[in-house]
Amino acid sequence: MNVTRITAAALALAALIPGSAALAHASFETPEAAAGTTYKAVLRIPHGCEGQATEKVHVRLPEGVFSVKPMPKAGWGLETVKASHAKTYMNHGKPVSEGVTEITWTGMLPDEWFDEFSFRGTIDPELDPGTTLYFVVTQTCAEGEVSWSELPDPANPEAQLDHPAVGLTISAPEHAGH
């Protein structure tokens, strides 16, 4: 059996495992971060738009993430939008009231490939453990787009979503309990 057949068999098996459907969605490599820390987000884009190549990846950052810096990707354009934050954060003793609120990478990602897009930002130290921040991610293709923007219904949080926003669960600050 060659490597291609083994890989195809492993992917087919993974599709049968509960929870593996999340592999078809945009997601973070590490979906948890401690309040008050600098978080390196590695956003995974698993496929294009119904067979089409992805030409743009746009991320709208939620309130609670500040001092954001995206990582450039070779062969991709990079743009950011800066705006005021809803509150003023302290970063290394200095007040931060505005910053990057949107990131857009433009390039070409064939449907049969996946890629990762990275940025880092500081997580609000006042966020309660268990809070989930939602990042809206939009993939644009030649003819259409996929918007990963659906939020869970508080009345039915276990309901399956077709295009869930990318969630980041906040854990207790690393210094808690010391």
# chains A, B, ... in the order shown; residues from 1 in each chain; ligands from 1

$ select_by_dssp --residues "chain A" --states "helix (DSSP H, G or I)" --output "PyMOL selection string"
chain A and resi 3-16+20-24

$ write_last_selection --atoms "N, CA and C atoms" --output "short mmCIF file (atom, residue, chain, number, x, y, z; two decimals), in the first residue's frame"
data_model
loop_
_atom_site.label_atom_id
_atom_site.label_comp_id
_atom_site.auth_asym_id
_atom_site.auth_seq_id
_atom_site.Cartn_x
_atom_site.Cartn_y
_atom_site.Cartn_z
N VAL A 3 1.84 5.45 0.16
CA VAL A 3 1.57 6.52 1.13
C VAL A 3 0.24 7.22 0.82
N THR A 4 -0.07 7.42 -0.47
CA THR A 4 -1.32 8.10 -0.84
C THR A 4 -2.52 7.31 -0.35
N ARG A 5 -2.51 6.00 -0.53
CA ARG A 5 -3.64 5.18 -0.08
C ARG A 5 -3.75 5.17 1.44
N ILE A 6 -2.62 5.12 2.12
CA ILE A 6 -2.64 5.15 3.59
C ILE A 6 -3.21 6.48 4.07
N THR A 7 -2.77 7.58 3.46
CA THR A 7 -3.27 8.90 3.84
C THR A 7 -4.77 9.00 3.59
N ALA A 8 -5.22 8.54 2.43
CA ALA A 8 -6.65 8.58 2.11
C ALA A 8 -7.45 7.74 3.09
N ALA A 9 -6.94 6.57 3.46
CA ALA A 9 -7.64 5.72 4.42
C ALA A 9 -7.70 6.39 5.79
N ALA A 10 -6.62 7.04 6.19
CA ALA A 10 -6.60 7.73 7.49
C ALA A 10 -7.58 8.89 7.50
N LEU A 11 -7.66 9.63 6.40
CA LEU A 11 -8.62 10.75 6.32
C LEU A 11 -10.05 10.24 6.34
N ALA A 12 -10.31 9.14 5.65
CA ALA A 12 -11.67 8.58 5.65
C ALA A 12 -12.05 8.11 7.04
N LEU A 13 -11.12 7.49 7.75
CA LEU A 13 -11.38 7.05 9.11
C LEU A 13 -11.61 8.24 10.03
N ALA A 14 -10.82 9.29 9.88
CA ALA A 14 -10.99 10.48 10.71
C ALA A 14 -12.36 11.10 10.53
N ALA A 15 -12.91 11.00 9.33
CA ALA A 15 -14.24 11.57 9.08
C ALA A 15 -15.32 10.85 9.87
N LEU A 16 -15.06 9.61 10.28
CA LEU A 16 -16.03 8.84 11.04
C LEU A 16 -15.93 9.07 12.55
N SER A 20 -14.47 15.06 14.60
CA SER A 20 -13.52 15.33 13.51
C SER A 20 -14.09 16.29 12.49
N ALA A 21 -15.40 16.55 12.53
CA ALA A 21 -15.98 17.52 11.62
C ALA A 21 -15.35 18.89 11.80
N ALA A 22 -14.85 19.16 13.01
CA ALA A 22 -14.20 20.44 13.28
C ALA A 22 -12.97 20.63 12.39
N LEU A 23 -12.41 19.53 11.89
CA LEU A 23 -11.25 19.65 11.01
C LEU A 23 -11.62 20.32 9.70
N ALA A 24 -12.89 20.35 9.34
CA ALA A 24 -13.34 20.98 8.11
C ALA A 24 -13.59 22.46 8.29
#

$ residues_around --residues "Trp113 in chain A" --least-positions-apart "2" --cutoff "10 Å" --atoms "only C-alpha atoms" --output "number ranges by chain"
A: 45-48, 53-54, 109-111, 115

$ closest_residue --among "A:Glu63, A:Glu98, A:Glu32, A:Glu79" --to "Pro173 in chain A" --atoms "only C-alpha atoms"
A:Glu32

$ closest_residue --among "A:Phe66, A:Tyr89, A:Phe135, A:Trp148" --to "Asp162 in chain A" --atoms "only C-alpha atoms"
A:Trp148

$ atom_distance --atom1 "CA of Ser147 in chain A" --atom2 "CA of Glu50 in chain A"
12.8 Å

$ closest_residue --among "A:Leu151, A:Val146, A:Leu168, A:Val96" --to "Ser67 in chain A" --atoms "only C-alpha atoms"
A:Val96

$ residues_around --residues "Pro70 in chain A" --least-positions-apart "4" --cutoff "9 Å" --atoms "only C-alpha atoms" --output "ChimeraX atom specification"
/A:78,80,103,117-121

$ write_last_selection --atoms "all heavy atoms" --output "PDB file, in the first residue's frame"
ATOM      1  N   LEU A  78      -0.507  41.606   2.875  1.00  0.00           N
ATOM      2  CA  LEU A  78      -0.993  41.722   4.258  1.00  0.00           C
ATOM      3  C   LEU A  78      -1.454  43.146   4.505  1.00  0.00           C
ATOM      4  O   LEU A  78      -0.736  44.100   4.210  1.00  0.00           O
ATOM      5  CB  LEU A  78       0.137  41.359   5.230  1.00  0.00           C
ATOM      6  CG  LEU A  78      -0.137  41.532   6.717  1.00  0.00           C
ATOM      7  CD1 LEU A  78      -1.288  40.647   7.188  1.00  0.00           C
ATOM      8  CD2 LEU A  78       1.123  41.211   7.511  1.00  0.00           C
ATOM      9  N   THR A  80      -3.856  45.586   7.486  1.00  0.00           N
ATOM     10  CA  THR A  80      -4.543  45.635   8.773  1.00  0.00           C
ATOM     11  C   THR A  80      -5.437  46.867   8.821  1.00  0.00           C
ATOM     12  O   THR A  80      -5.220  47.835   8.103  1.00  0.00           O
ATOM     13  CB  THR A  80      -3.548  45.702   9.958  1.00  0.00           C
ATOM     14  OG1 THR A  80      -2.736  46.872   9.810  1.00  0.00           O
ATOM     15  CG2 THR A  80      -2.677  44.458  10.027  1.00  0.00           C
ATOM     16  N   ILE A 103      -7.437  41.883  10.181  1.00  0.00           N
ATOM     17  CA  ILE A 103      -6.251  41.467   9.433  1.00  0.00           C
ATOM     18  C   ILE A 103      -6.730  40.816   8.142  1.00  0.00           C
ATOM     19  O   ILE A 103      -7.666  40.004   8.173  1.00  0.00           O
ATOM     20  CB  ILE A 103      -5.403  40.447  10.217  1.00  0.00           C
ATOM     21  CG1 ILE A 103      -5.025  40.973  11.598  1.00  0.00           C
ATOM     22  CG2 ILE A 103      -4.155  40.054   9.426  1.00  0.00           C
ATOM     23  CD1 ILE A 103      -4.456  39.904  12.522  1.00  0.00           C
ATOM     24  N   PHE A 117      -2.281  30.824   9.123  1.00  0.00           N
ATOM     25  CA  PHE A 117      -2.077  32.266   9.135  1.00  0.00           C
ATOM     26  C   PHE A 117      -1.903  32.666  10.599  1.00  0.00           C
ATOM     27  O   PHE A 117      -2.735  32.307  11.434  1.00  0.00           O
ATOM     28  CB  PHE A 117      -3.284  32.975   8.505  1.00  0.00           C
ATOM     29  CG  PHE A 117      -3.490  32.571   7.071  1.00  0.00           C
ATOM     30  CD1 PHE A 117      -4.142  31.389   6.745  1.00  0.00           C
ATOM     31  CD2 PHE A 117      -2.994  33.356   6.047  1.00  0.00           C
ATOM     32  CE1 PHE A 117      -4.303  31.002   5.421  1.00  0.00           C
ATOM     33  CE2 PHE A 117      -3.154  32.979   4.719  1.00  0.00           C
ATOM     34  CZ  PHE A 117      -3.809  31.802   4.407  1.00  0.00           C
ATOM     35  N   SER A 118      -0.837  33.391  10.911  1.00  0.00           N
ATOM     36  CA  SER A 118      -0.495  33.650  12.309  1.00  0.00           C
ATOM     37  C   SER A 118      -0.524  35.129  12.675  1.00  0.00           C
ATOM     38  O   SER A 118      -0.232  35.993  11.849  1.00  0.00           O
ATOM     39  CB  SER A 118       0.910  33.120  12.618  1.00  0.00           C
ATOM     40  OG  SER A 118       0.967  31.734  12.418  1.00  0.00           O
ATOM     41  N   PHE A 119      -0.864  35.366  13.924  1.00  0.00           N
ATOM     42  CA  PHE A 119      -0.758  36.691  14.527  1.00  0.00           C
ATOM     43  C   PHE A 119      -0.617  36.498  16.022  1.00  0.00           C
ATOM     44  O   PHE A 119      -0.879  35.412  16.552  1.00  0.00           O
ATOM     45  CB  PHE A 119      -1.974  37.574  14.187  1.00  0.00           C
ATOM     46  CG  PHE A 119      -3.293  37.033  14.646  1.00  0.00           C
ATOM     47  CD1 PHE A 119      -3.826  37.383  15.880  1.00  0.00           C
ATOM     48  CD2 PHE A 119      -4.021  36.179  13.837  1.00  0.00           C
ATOM     49  CE1 PHE A 119      -5.053  36.892  16.297  1.00  0.00           C
ATOM     50  CE2 PHE A 119      -5.252  35.680  14.237  1.00  0.00           C
ATOM     51  CZ  PHE A 119      -5.774  36.046  15.469  1.00  0.00           C
ATOM     52  N   ARG A 120      -0.162  37.529  16.690  1.00  0.00           N
ATOM     53  CA  ARG A 120      -0.094  37.455  18.148  1.00  0.00           C
ATOM     54  C   ARG A 120      -0.807  38.660  18.721  1.00  0.00           C
ATOM     55  O   ARG A 120      -0.939  39.699  18.073  1.00  0.00           O
ATOM     56  CB  ARG A 120       1.329  37.353  18.655  1.00  0.00           C
ATOM     57  CG  ARG A 120       2.153  38.604  18.525  1.00  0.00           C
ATOM     58  CD  ARG A 120       3.490  38.443  19.246  1.00  0.00           C
ATOM     59  NE  ARG A 120       4.318  39.609  19.072  1.00  0.00           N
ATOM     60  CZ  ARG A 120       4.220  40.722  19.800  1.00  0.00           C
ATOM     61  NH1 ARG A 120       3.312  40.825  20.744  1.00  0.00           N
ATOM     62  NH2 ARG A 120       5.025  41.735  19.580  1.00  0.00           N
ATOM     63  N   GLY A 121      -1.296  38.488  19.923  1.00  0.00           N
ATOM     64  CA  GLY A 121      -1.986  39.573  20.605  1.00  0.00           C
ATOM     65  C   GLY A 121      -2.041  39.282  22.087  1.00  0.00           C
ATOM     66  O   GLY A 121      -1.811  38.147  22.526  1.00  0.00           O
TER      67      GLY A 121
END

$ closest_residue --among "A:Ala35, A:Cys49, A:Ala26, A:Leu43" --to "Thr140 in chain A" --atoms "only C-alpha atoms"
A:Cys49

$ atom_distance --atom1 "CA of Pro95 in chain A" --atom2 "CA of Val65 in chain A"
14.0 Å

$ atom_distance --atom1 "CA of Phe28 in chain A" --atom2 "CA of Leu61 in chain A"
13.2 Å

$ select_by_dssp --residues "range 56-127 of chain A" --states "strand (DSSP E)" --output "MDAnalysis selection string"
chainID A and resid 56:60 65:70 77:91 94:109 115:123

$ write_last_selection --atoms "N, CA and C atoms" --output "short mmCIF file (atom, residue, chain, number, x, y, z; two decimals), in the first residue's frame"
data_model
loop_
_atom_site.label_atom_id
_atom_site.label_comp_id
_atom_site.auth_asym_id
_atom_site.auth_seq_id
_atom_site.Cartn_x
_atom_site.Cartn_y
_atom_site.Cartn_z
N LYS A 56 -8.35 35.19 -0.35
CA LYS A 56 -8.25 36.17 0.72
C LYS A 56 -8.72 35.52 2.03
N VAL A 57 -8.00 35.81 3.10
CA VAL A 57 -8.39 35.40 4.45
C VAL A 57 -8.47 36.66 5.28
N HIS A 58 -9.66 36.94 5.82
CA HIS A 58 -9.90 38.14 6.61
C HIS A 58 -10.31 37.72 8.02
N VAL A 59 -9.68 38.33 9.02
CA VAL A 59 -9.98 38.03 10.43
C VAL A 59 -10.44 39.31 11.11
N ARG A 60 -11.62 39.26 11.73
CA ARG A 60 -12.10 40.37 12.56
C ARG A 60 -11.88 39.95 14.02
N VAL A 65 -8.82 41.33 22.85
CA VAL A 65 -7.51 41.01 22.27
C VAL A 65 -6.93 42.33 21.78
N PHE A 66 -5.74 42.68 22.25
CA PHE A 66 -5.14 43.97 21.89
C PHE A 66 -3.65 43.80 21.62
N SER A 67 -3.02 44.88 21.16
CA SER A 67 -1.60 44.86 20.78
C SER A 67 -1.31 43.73 19.80
N VAL A 68 -2.15 43.65 18.78
CA VAL A 68 -2.08 42.57 17.78
C VAL A 68 -1.06 42.89 16.71
N LYS A 69 -0.27 41.88 16.36
CA LYS A 69 0.71 41.98 15.27
C LYS A 69 0.58 40.73 14.41
N PRO A 70 0.21 40.90 13.13
CA PRO A 70 0.12 39.74 12.24
C PRO A 70 1.50 39.34 11.72
N GLY A 77 -0.09 39.12 0.29
CA GLY A 77 -0.19 40.50 0.74
C GLY A 77 -0.76 40.52 2.16
N LEU A 78 -0.51 41.61 2.87
CA LEU A 78 -0.99 41.72 4.26
C LEU A 78 -1.45 43.15 4.51
N GLU A 79 -2.67 43.28 5.02
CA GLU A 79 -3.22 44.58 5.39
C GLU A 79 -3.87 44.47 6.76
N THR A 80 -3.86 45.59 7.49
CA THR A 80 -4.54 45.64 8.77
C THR A 80 -5.44 46.87 8.82
N VAL A 81 -6.44 46.79 9.67
CA VAL A 81 -7.31 47.93 9.97
C VAL A 81 -7.13 48.22 11.44
N LYS A 82 -6.91 49.49 11.75
CA LYS A 82 -6.80 49.91 13.15
C LYS A 82 -8.03 50.71 13.51
N ALA A 83 -8.48 50.53 14.75
CA ALA A 83 -9.66 51.26 15.24
C ALA A 83 -9.55 51.36 16.76
N SER A 84 -10.46 52.12 17.34
CA SER A 84 -10.49 52.27 18.80
C SER A 84 -11.03 51.00 19.44
N HIS A 85 -10.50 50.67 20.60
CA HIS A 85 -11.03 49.57 21.40
C HIS A 85 -12.17 50.11 22.27
N ALA A 86 -13.04 49.24 22.72
CA ALA A 86 -14.16 49.64 23.57
C ALA A 86 -13.68 50.08 24.95
N LYS A 87 -12.52 49.62 25.34
CA LYS A 87 -11.94 50.03 26.62
C LYS A 87 -10.45 50.25 26.43
N THR A 88 -9.84 50.86 27.42
CA THR A 88 -8.40 51.09 27.39
C THR A 88 -7.72 49.96 28.16
N TYR A 89 -6.74 49.34 27.53
CA TYR A 89 -5.97 48.25 28.14
C TYR A 89 -4.62 48.81 28.58
N MET A 90 -4.00 48.15 29.52
CA MET A 90 -2.63 48.50 29.92
C MET A 90 -1.69 47.47 29.30
N ASN A 91 -0.67 47.98 28.61
CA ASN A 91 0.33 47.11 27.99
C ASN A 91 1.70 47.60 28.40
N LYS A 94 1.66 51.06 29.80
CA LYS A 94 1.18 52.14 28.93
C LYS A 94 -0.25 51.86 28.50
N PRO A 95 -1.10 52.91 28.49
CA PRO A 95 -2.49 52.70 28.05
C PRO A 95 -2.57 52.46 26.54
N VAL A 96 -3.43 51.51 26.15
CA VAL A 96 -3.66 51.18 24.75
C VAL A 96 -5.15 51.32 24.50
N SER A 97 -5.54 52.32 23.71
CA SER A 97 -6.96 52.54 23.45
C SER A 97 -7.35 52.25 22.00
N GLU A 98 -6.38 51.98 21.15
CA GLU A 98 -6.67 51.60 19.77
C GLU A 98 -5.60 50.65 19.27
N GLY A 99 -5.93 49.96 18.19
CA GLY A 99 -4.98 49.02 17.63
C GLY A 99 -5.60 48.24 16.49
N VAL A 100 -4.92 47.20 16.07
CA VAL A 100 -5.37 46.36 14.97
C VAL A 100 -6.66 45.65 15.39
N THR A 101 -7.68 45.79 14.55
CA THR A 101 -8.97 45.12 14.80
C THR A 101 -9.34 44.17 13.66
N GLU A 102 -8.63 44.28 12.54
CA GLU A 102 -8.87 43.39 11.40
C GLU A 102 -7.55 43.11 10.69
N ILE A 103 -7.44 41.88 10.18
CA ILE A 103 -6.25 41.47 9.43
C ILE A 103 -6.73 40.82 8.14
N THR A 104 -6.07 41.14 7.02
CA THR A 104 -6.41 40.51 5.75
C THR A 104 -5.13 40.07 5.04
N TRP A 105 -5.09 38.79 4.69
CA TRP A 105 -4.02 38.25 3.85
C TRP A 105 -4.61 37.99 2.47
N THR A 106 -3.91 38.35 1.40
CA THR A 106 -4.36 38.05 0.04
C THR A 106 -3.27 37.28 -0.69
N GLY A 107 -3.68 36.22 -1.37
CA GLY A 107 -2.75 35.37 -2.09
C GLY A 107 -3.52 34.27 -2.80
N MET A 108 -2.95 33.09 -2.85
CA MET A 108 -3.60 31.98 -3.54
C MET A 108 -3.35 30.69 -2.77
N LEU A 109 -4.44 30.05 -2.33
CA LEU A 109 -4.38 28.77 -1.63
C LEU A 109 -5.30 27.80 -2.35
N ASP A 115 -3.54 25.76 4.83
CA ASP A 115 -2.47 26.66 5.23
C ASP A 115 -2.79 27.23 6.60
N GLU A 116 -1.81 27.91 7.16
CA GLU A 116 -1.94 28.53 8.48
C GLU A 116 -1.55 30.00 8.38
N PHE A 117 -2.28 30.82 9.12
CA PHE A 117 -2.08 32.27 9.13
C PHE A 117 -1.90 32.67 10.60
N SER A 118 -0.84 33.39 10.91
CA SER A 118 -0.50 33.65 12.31
C SER A 118 -0.52 35.13 12.67
N PHE A 119 -0.86 35.37 13.92
CA PHE A 119 -0.76 36.69 14.53
C PHE A 119 -0.62 36.50 16.02
N ARG A 120 -0.16 37.53 16.69
CA ARG A 120 -0.09 37.46 18.15
C ARG A 120 -0.81 38.66 18.72
N GLY A 121 -1.30 38.49 19.92
CA GLY A 121 -1.99 39.57 20.61
C GLY A 121 -2.04 39.28 22.09
N THR A 122 -2.33 40.30 22.86
CA THR A 122 -2.42 40.16 24.30
C THR A 122 -3.89 39.94 24.68
N ILE A 123 -4.10 39.03 25.60
CA ILE A 123 -5.46 38.70 26.06
C ILE A 123 -5.76 39.54 27.30
#

$ closest_residue --among "A:Gly144, A:Gly75, A:Glu55, A:Gln139" --to "His163 in chain A" --atoms "only C-alpha atoms"
A:Gln139

$ residues_around --residues "Thr169 in chain A" --least-positions-apart "2" --cutoff "12 Å" --atoms "only C-alpha atoms" --output "JSON, numbers by chain"
{"A": [28, 30, 31, 32, 33, 34, 35, 39, 64, 123, 127, 128, 129, 130, 131, 132, 133, 134, 135, 166, 167, 171, 172]}

$ write_last_selection --atoms "C-alpha atoms" --output "mmCIF file, in the first residue's frame"
data_model
loop_
_atom_site.group_PDB
_atom_site.id
_atom_site.type_symbol
_atom_site.label_atom_id
_atom_site.label_comp_id
_atom_site.auth_asym_id
_atom_site.auth_seq_id
_atom_site.Cartn_x
_atom_site.Cartn_y
_atom_site.Cartn_z
ATOM 1 C CA PHE A 28 -6.948 27.728 15.957
ATOM 2 C CA THR A 30 -4.249 26.131 20.188
ATOM 3 C CA PRO A 31 -7.864 26.999 21.102
ATOM 4 C CA GLU A 32 -7.105 28.146 24.666
ATOM 5 C CA ALA A 33 -5.144 31.041 26.150
ATOM 6 C CA ALA A 34 -4.607 32.384 29.651
ATOM 7 C CA ALA A 35 -5.992 35.801 30.543
ATOM 8 C CA TYR A 39 -1.216 34.549 22.608
ATOM 9 C CA GLY A 64 -10.484 41.493 24.599
ATOM 10 C CA ILE A 123 -5.459 38.701 26.058
ATOM 11 C CA LEU A 127 -11.471 38.141 31.279
ATOM 12 C CA ASP A 128 -13.026 35.388 33.360
ATOM 13 C CA PRO A 129 -11.807 31.809 32.875
ATOM 14 C CA GLY A 130 -14.255 29.922 30.675
ATOM 15 C CA THR A 131 -15.050 32.983 28.558
ATOM 16 C CA THR A 132 -14.883 32.314 24.832
ATOM 17 C CA LEU A 133 -13.784 35.017 22.419
ATOM 18 C CA TYR A 134 -15.035 34.595 18.850
ATOM 19 C CA PHE A 135 -12.984 35.583 15.799
ATOM 20 C CA VAL A 166 -13.307 30.536 15.511
ATOM 21 C CA GLY A 167 -13.392 30.324 19.299
ATOM 22 C CA SER A 171 -8.168 29.986 31.003
ATOM 23 C CA ALA A 172 -7.084 31.272 34.414
#
